[in-house]
Amino acid sequence: MKLIIDNANINDIRSMYEYFPMDGVTCNPTILAKEKRPPYEVLKEIRDFIEEGELHVQVLSDLADGMVEEAYKIRKELGDDTFIKIPTTKEGLKAIRILAAAGINVTATAIYTQMQAFLAAKAGAQYVAPYINRIDNLGSDGVRTAKEIHDMFRNYGFKTEVLAASFKNSRQVITLCEYGIGATTISPDVLDLLIKNDSVTAALNVFRKDFEKVCGKGKTMLDCG
Ligand SMILES: O=P(O)(O)OC[C@H]1O[C@](O)(CO)[C@@H](O)[C@@H]1O
């Protein structure tokens, strides 16, 4: 499962890359706006830092022609390997088909239903991004929807992968990881929750205390005996 960071803050991204085995960065217009700087300035910094990592950037236009135009501008500014996030509306489907036919990487976003995912995959998207938590908040089941989309793609032999998005807890991520989902995009807060565990801390404290009984406070394998 690819692990992608859902954030546009370069300091957060650097820090997450330092600790976690990351595969790239996604953002959406809301995440970009939080940086309060010109978007391409922010995105170019991220592009340079993550080098070959995946970068997913969303368009704003409502109509297909505008989406396609934005896609070319994004690629010109940030490189041809950039994934263009296209909202999976009727106009979006038209744009996905045009872009995919031109060999452009597309991530179909704002996925709430299996049908959207099916149509986006058939139109040629590399990824579809179901919104796990937002689906839950509609009274449905985001994790189940993502699993069903994954299974449906396998049944049809589509190459499209699920890029699960909108997580609020680590359980949602782990369940999809077990299931073999292609990728997840996760905020720094939820990423930290994947490794935070009070039992691990407690176990390490016992090891330290026992060791210090013999070697003294603050000693390690470097400076004891
Ligand atoms: O519900 P949230 O946390 O705003 O997430 C929406 C998600 O959709 C995406 O736009 C999909 O890539 C992410 O950037 C974001 O995680």
# chains A, B, ... in the order shown; residues from 1 in each chain; ligands from 1
>>> closest_atom_pairs(of="segment 114-200 of chain A", to="segment 1-10 of chain A", cutoff="6 Å", atoms="only C-alpha atoms", output="JSON lines")
{"residue": "A:Gly182", "atom": "CA", "partner": "A:Met1", "partner_atom": "CA", "distance": 4.9}
{"residue": "A:Ala183", "atom": "CA", "partner": "A:Lys2", "partner_atom": "CA", "distance": 4.3}
{"residue": "A:Thr184", "atom": "CA", "partner": "A:Leu3", "partner_atom": "CA", "distance": 5.5}
{"residue": "A:Thr185", "atom": "CA", "partner": "A:Ile4", "partner_atom": "CA", "distance": 4.4}
{"residue": "A:Ile186", "atom": "CA", "partner": "A:Asp6", "partner_atom": "CA", "distance": 5.1}
{"residue": "A:Ser187", "atom": "CA", "partner": "A:Asp6", "partner_atom": "CA", "distance": 4.8}
>>> closest_atom_pairs(of="chain A", to="ligand 1", cutoff="7 Å", atoms="only C-alpha atoms and all ligand atoms", output="JSON lines")
{"residue": "A:Asp6", "atom": "CA", "partner": "ligand 1", "partner_atom_place_in_ligand_line": "14 (O)", "distance": 5.4}
{"residue": "A:Thr26", "atom": "CA", "partner": "ligand 1", "partner_atom_place_in_ligand_line": "14 (O)", "distance": 5.3}
{"residue": "A:Cys27", "atom": "CA", "partner": "ligand 1", "partner_atom_place_in_ligand_line": "14 (O)", "distance": 4.2}
{"residue": "A:Asn28", "atom": "CA", "partner": "ligand 1", "partner_atom_place_in_ligand_line": "14 (O)", "distance": 4.6}
{"residue": "A:Thr109", "atom": "CA", "partner": "ligand 1", "partner_atom_place_in_ligand_line": "11 (C)", "distance": 5.6}
{"residue": "A:Ala110", "atom": "CA", "partner": "ligand 1", "partner_atom_place_in_ligand_line": "8 (O)", "distance": 6.4}
{"residue": "A:Ala129", "atom": "CA", "partner": "ligand 1", "partner_atom_place_in_ligand_line": "11 (C)", "distance": 5.5}
{"residue": "A:Tyr131", "atom": "CA", "partner": "ligand 1", "partner_atom_place_in_ligand_line": "7 (C)", "distance": 5.9}
{"residue": "A:Asn133", "atom": "CA", "partner": "ligand 1", "partner_atom_place_in_ligand_line": "1 (O)", "distance": 6.1}
{"residue": "A:Arg134", "atom": "CA", "partner": "ligand 1", "partner_atom_place_in_ligand_line": "1 (O)", "distance": 5.5}
{"residue": "A:Ala165", "atom": "CA", "partner": "ligand 1", "partner_atom_place_in_ligand_line": "16 (O)", "distance": 4.5}
{"residue": "A:Ser166", "atom": "CA", "partner": "ligand 1", "partner_atom_place_in_ligand_line": "5 (O)", "distance": 3.5}
{"residue": "A:Phe167", "atom": "CA", "partner": "ligand 1", "partner_atom_place_in_ligand_line": "3 (O)", "distance": 6.0}
{"residue": "A:Thr185", "atom": "CA", "partner": "ligand 1", "partner_atom_place_in_ligand_line": "16 (O)", "distance": 6.2}
{"residue": "A:Ile186", "atom": "CA", "partner": "ligand 1", "partner_atom_place_in_ligand_line": "16 (O)", "distance": 6.5}
>>> atom_distance(atom1="atom CA of Ile111 of chain A", atom2="atom CA of Asp192 of chain A")
25.3 Å
>>> closest_residue(among="A:Gln116, A:Asn205, A:Thr175, A:Asn11", to="Ile86 of chain A", atoms="only C-alpha atoms")
A:Gln116
>>> select_by_dssp(residues="segment 125-169 of chain A", states="strand (DSSP E)", output="short mmCIF file (atom, residue, chain, number, x, y, z; two decimals) with N, CA and C atoms, in the first residue's frame")
data_model
loop_
_atom_site.label_atom_id
_atom_site.label_comp_id
_atom_site.auth_asym_id
_atom_site.auth_seq_id
_atom_site.Cartn_x
_atom_site.Cartn_y
_atom_site.Cartn_z
N TYR A 127 -6.07 6.43 -10.46
CA TYR A 127 -6.53 6.27 -9.08
C TYR A 127 -7.95 6.79 -8.97
N VAL A 128 -8.70 6.22 -8.02
CA VAL A 128 -9.95 6.85 -7.58
C VAL A 128 -9.81 7.07 -6.07
N ALA A 129 -10.30 8.23 -5.62
CA ALA A 129 -10.12 8.58 -4.20
C ALA A 129 -11.46 8.62 -3.47
N PRO A 130 -11.88 7.49 -2.86
CA PRO A 130 -13.09 7.52 -2.04
C PRO A 130 -12.81 8.23 -0.71
N GLU A 161 -6.25 1.92 -9.31
CA GLU A 161 -6.11 1.58 -7.89
C GLU A 161 -6.95 2.52 -7.04
N VAL A 162 -7.31 2.03 -5.87
CA VAL A 162 -8.00 2.89 -4.89
C VAL A 162 -6.94 3.69 -4.14
N LEU A 163 -7.15 5.01 -4.10
CA LEU A 163 -6.33 5.89 -3.26
C LEU A 163 -7.29 6.40 -2.18
N ALA A 164 -7.38 5.66 -1.09
CA ALA A 164 -8.38 6.00 -0.08
C ALA A 164 -7.98 7.30 0.63
#
>>> residues_around(residues="Phe118 of chain A", least_positions_apart="4", cutoff="12 Å", atoms="only C-alpha atoms", output="count of residues only")
33
>>> closest_residue(among="A:Gly92, A:Pro39, A:Pro87, A:Pro188", to="Leu63 of chain A", atoms="only C-alpha atoms")
A:Gly92
>>> atom_distance(atom1="atom CA of Ile13 of chain A", atom2="atom CA of Thr107 of chain A")
20.4 Å
>>> closest_atom_pairs(of="segment 78-162 of chain A", to="segment 44-62 of chain A", cutoff="6 Å", atoms="only C-alpha atoms", output="CSV")
residue,atom,partner,partner_atom,distance
A:Thr82,CA,A:Leu55,CA,5.4
A:Phe83,CA,A:His56,CA,4.5
A:Ile84,CA,A:Val57,CA,5.3
A:Lys85,CA,A:Gln58,CA,4.2
>>> atom_distance(atom1="atom CA of Leu99 of chain A", atom2="atom CA of Val68 of chain A")
6.8 Å
>>> select_by_dssp(residues="segment 100-201 of chain A", states="helix (DSSP H, G or I)", output="MDAnalysis selection string")
chainID A and resid 100:101 114:123 132:137 142:156 170:179 188:195 198:201
>>> decode(residues="segment 28-41 of chain A", atoms="all heavy atoms", output="mmCIF file, in the first residue's frame")
data_model
loop_
_atom_site.group_PDB
_atom_site.id
_atom_site.type_symbol
_atom_site.label_atom_id
_atom_site.label_comp_id
_atom_site.auth_asym_id
_atom_site.auth_seq_id
_atom_site.Cartn_x
_atom_site.Cartn_y
_atom_site.Cartn_z
ATOM 1 N N ASN A 28 -5.658 19.308 -1.699
ATOM 2 C CA ASN A 28 -6.854 19.771 -2.386
ATOM 3 C C ASN A 28 -6.890 21.284 -2.214
ATOM 4 O O ASN A 28 -6.033 21.848 -1.507
ATOM 5 C CB ASN A 28 -8.106 19.046 -1.857
ATOM 6 C CG ASN A 28 -8.313 19.261 -0.369
ATOM 7 O OD1 ASN A 28 -7.963 20.302 0.169
ATOM 8 N ND2 ASN A 28 -8.879 18.269 0.314
ATOM 9 N N PRO A 29 -7.822 21.996 -2.832
ATOM 10 C CA PRO A 29 -7.811 23.458 -2.757
ATOM 11 C C PRO A 29 -7.876 23.984 -1.317
ATOM 12 O O PRO A 29 -7.254 25.006 -0.992
ATOM 13 C CB PRO A 29 -9.057 23.844 -3.564
ATOM 14 C CG PRO A 29 -9.194 22.734 -4.562
ATOM 15 C CD PRO A 29 -8.811 21.490 -3.813
ATOM 16 N N THR A 30 -8.598 23.294 -0.446
ATOM 17 C CA THR A 30 -8.697 23.737 0.955
ATOM 18 C C THR A 30 -7.332 23.617 1.648
ATOM 19 O O THR A 30 -6.894 24.533 2.364
ATOM 20 C CB THR A 30 -9.738 22.864 1.707
ATOM 21 O OG1 THR A 30 -10.966 22.939 0.999
ATOM 22 C CG2 THR A 30 -9.919 23.315 3.137
ATOM 23 N N ILE A 31 -6.665 22.499 1.413
ATOM 24 C CA ILE A 31 -5.346 22.277 2.032
ATOM 25 C C ILE A 31 -4.344 23.319 1.518
ATOM 26 O O ILE A 31 -3.566 23.885 2.286
ATOM 27 C CB ILE A 31 -4.862 20.843 1.713
ATOM 28 C CG1 ILE A 31 -5.727 19.823 2.454
ATOM 29 C CG2 ILE A 31 -3.394 20.659 2.069
ATOM 30 C CD1 ILE A 31 -5.460 18.368 2.075
ATOM 31 N N LEU A 32 -4.399 23.606 0.212
ATOM 32 C CA LEU A 32 -3.474 24.589 -0.371
ATOM 33 C C LEU A 32 -3.732 25.987 0.187
ATOM 34 O O LEU A 32 -2.794 26.727 0.481
ATOM 35 C CB LEU A 32 -3.675 24.640 -1.880
ATOM 36 C CG LEU A 32 -2.758 23.804 -2.751
ATOM 37 C CD1 LEU A 32 -3.082 24.052 -4.216
ATOM 38 C CD2 LEU A 32 -1.290 24.107 -2.474
ATOM 39 N N ALA A 33 -5.020 26.316 0.358
ATOM 40 C CA ALA A 33 -5.386 27.665 0.831
ATOM 41 C C ALA A 33 -4.838 27.918 2.233
ATOM 42 O O ALA A 33 -4.541 29.062 2.596
ATOM 43 C CB ALA A 33 -6.903 27.820 0.814
ATOM 44 N N LYS A 34 -4.685 26.855 3.022
ATOM 45 C CA LYS A 34 -4.176 27.015 4.396
ATOM 46 C C LYS A 34 -2.767 27.597 4.412
ATOM 47 O O LYS A 34 -2.338 28.168 5.397
ATOM 48 C CB LYS A 34 -4.149 25.653 5.107
ATOM 49 C CG LYS A 34 -5.501 25.178 5.543
ATOM 50 C CD LYS A 34 -5.398 23.994 6.479
ATOM 51 C CE LYS A 34 -6.784 23.395 6.685
ATOM 52 N NZ LYS A 34 -6.822 21.947 6.612
ATOM 53 N N GLU A 35 -2.030 27.442 3.317
ATOM 54 C CA GLU A 35 -0.647 27.924 3.286
ATOM 55 C C GLU A 35 -0.565 29.442 3.078
ATOM 56 O O GLU A 35 0.480 30.052 3.268
ATOM 57 C CB GLU A 35 0.157 27.193 2.202
ATOM 58 C CG GLU A 35 0.283 25.702 2.472
ATOM 59 C CD GLU A 35 0.745 25.405 3.891
ATOM 60 O OE1 GLU A 35 1.846 25.837 4.262
ATOM 61 O OE2 GLU A 35 -0.022 24.754 4.630
ATOM 62 N N LYS A 36 -1.687 30.057 2.633
ATOM 63 C CA LYS A 36 -1.759 31.517 2.428
ATOM 64 C C LYS A 36 -0.592 32.060 1.592
ATOM 65 O O LYS A 36 0.002 33.091 1.907
ATOM 66 C CB LYS A 36 -1.818 32.228 3.784
ATOM 67 C CG LYS A 36 -3.028 31.871 4.608
ATOM 68 C CD LYS A 36 -3.162 32.806 5.816
ATOM 69 C CE LYS A 36 -4.481 32.684 6.511
ATOM 70 N NZ LYS A 36 -4.756 31.409 7.139
ATOM 71 N N ARG A 37 -0.204 31.319 0.575
ATOM 72 C CA ARG A 37 0.866 31.730 -0.345
ATOM 73 C C ARG A 37 0.421 31.338 -1.750
ATOM 74 O O ARG A 37 -0.452 30.481 -1.903
ATOM 75 C CB ARG A 37 2.161 30.978 -0.025
ATOM 76 C CG ARG A 37 2.865 31.481 1.212
ATOM 77 C CD ARG A 37 4.317 31.017 1.195
ATOM 78 N NE ARG A 37 4.457 29.602 1.443
ATOM 79 C CZ ARG A 37 5.398 28.829 0.886
ATOM 80 N NH1 ARG A 37 6.265 29.335 0.032
ATOM 81 N NH2 ARG A 37 5.471 27.546 1.178
ATOM 82 N N PRO A 38 1.026 31.897 -2.791
ATOM 83 C CA PRO A 38 0.632 31.500 -4.146
ATOM 84 C C PRO A 38 0.784 29.987 -4.313
ATOM 85 O O PRO A 38 1.841 29.425 -3.979
ATOM 86 C CB PRO A 38 1.618 32.256 -5.040
ATOM 87 C CG PRO A 38 2.081 33.404 -4.206
ATOM 88 C CD PRO A 38 2.065 32.943 -2.782
ATOM 89 N N PRO A 39 -0.255 29.299 -4.819
ATOM 90 C CA PRO A 39 -0.245 27.841 -4.877
ATOM 91 C C PRO A 39 0.964 27.229 -5.587
ATOM 92 O O PRO A 39 1.541 26.258 -5.103
ATOM 93 C CB PRO A 39 -1.529 27.493 -5.626
ATOM 94 C CG PRO A 39 -2.360 28.707 -5.567
ATOM 95 C CD PRO A 39 -1.509 29.875 -5.276
ATOM 96 N N TYR A 40 1.354 27.807 -6.725
ATOM 97 C CA TYR A 40 2.484 27.184 -7.444
ATOM 98 C C TYR A 40 3.802 27.327 -6.678
ATOM 99 O O TYR A 40 4.674 26.476 -6.787
ATOM 100 C CB TYR A 40 2.611 27.742 -8.867
ATOM 101 C CG TYR A 40 1.558 27.152 -9.796
ATOM 102 C CD1 TYR A 40 0.568 27.953 -10.361
ATOM 103 C CD2 TYR A 40 1.550 25.792 -10.084
ATOM 104 C CE1 TYR A 40 -0.403 27.410 -11.195
ATOM 105 C CE2 TYR A 40 0.581 25.233 -10.911
ATOM 106 C CZ TYR A 40 -0.386 26.044 -11.466
ATOM 107 O OH TYR A 40 -1.343 25.492 -12.272
ATOM 108 N N GLU A 41 3.902 28.414 -5.888
ATOM 109 C CA GLU A 41 5.116 28.587 -5.063
ATOM 110 C C GLU A 41 5.188 27.421 -4.057
ATOM 111 O O GLU A 41 6.215 26.762 -3.901
ATOM 112 C CB GLU A 41 5.002 29.916 -4.337
ATOM 113 C CG GLU A 41 6.234 30.365 -3.596
ATOM 114 C CD GLU A 41 5.964 31.698 -2.894
ATOM 115 O OE1 GLU A 41 5.601 32.689 -3.570
ATOM 116 O OE2 GLU A 41 6.115 31.737 -1.646
#
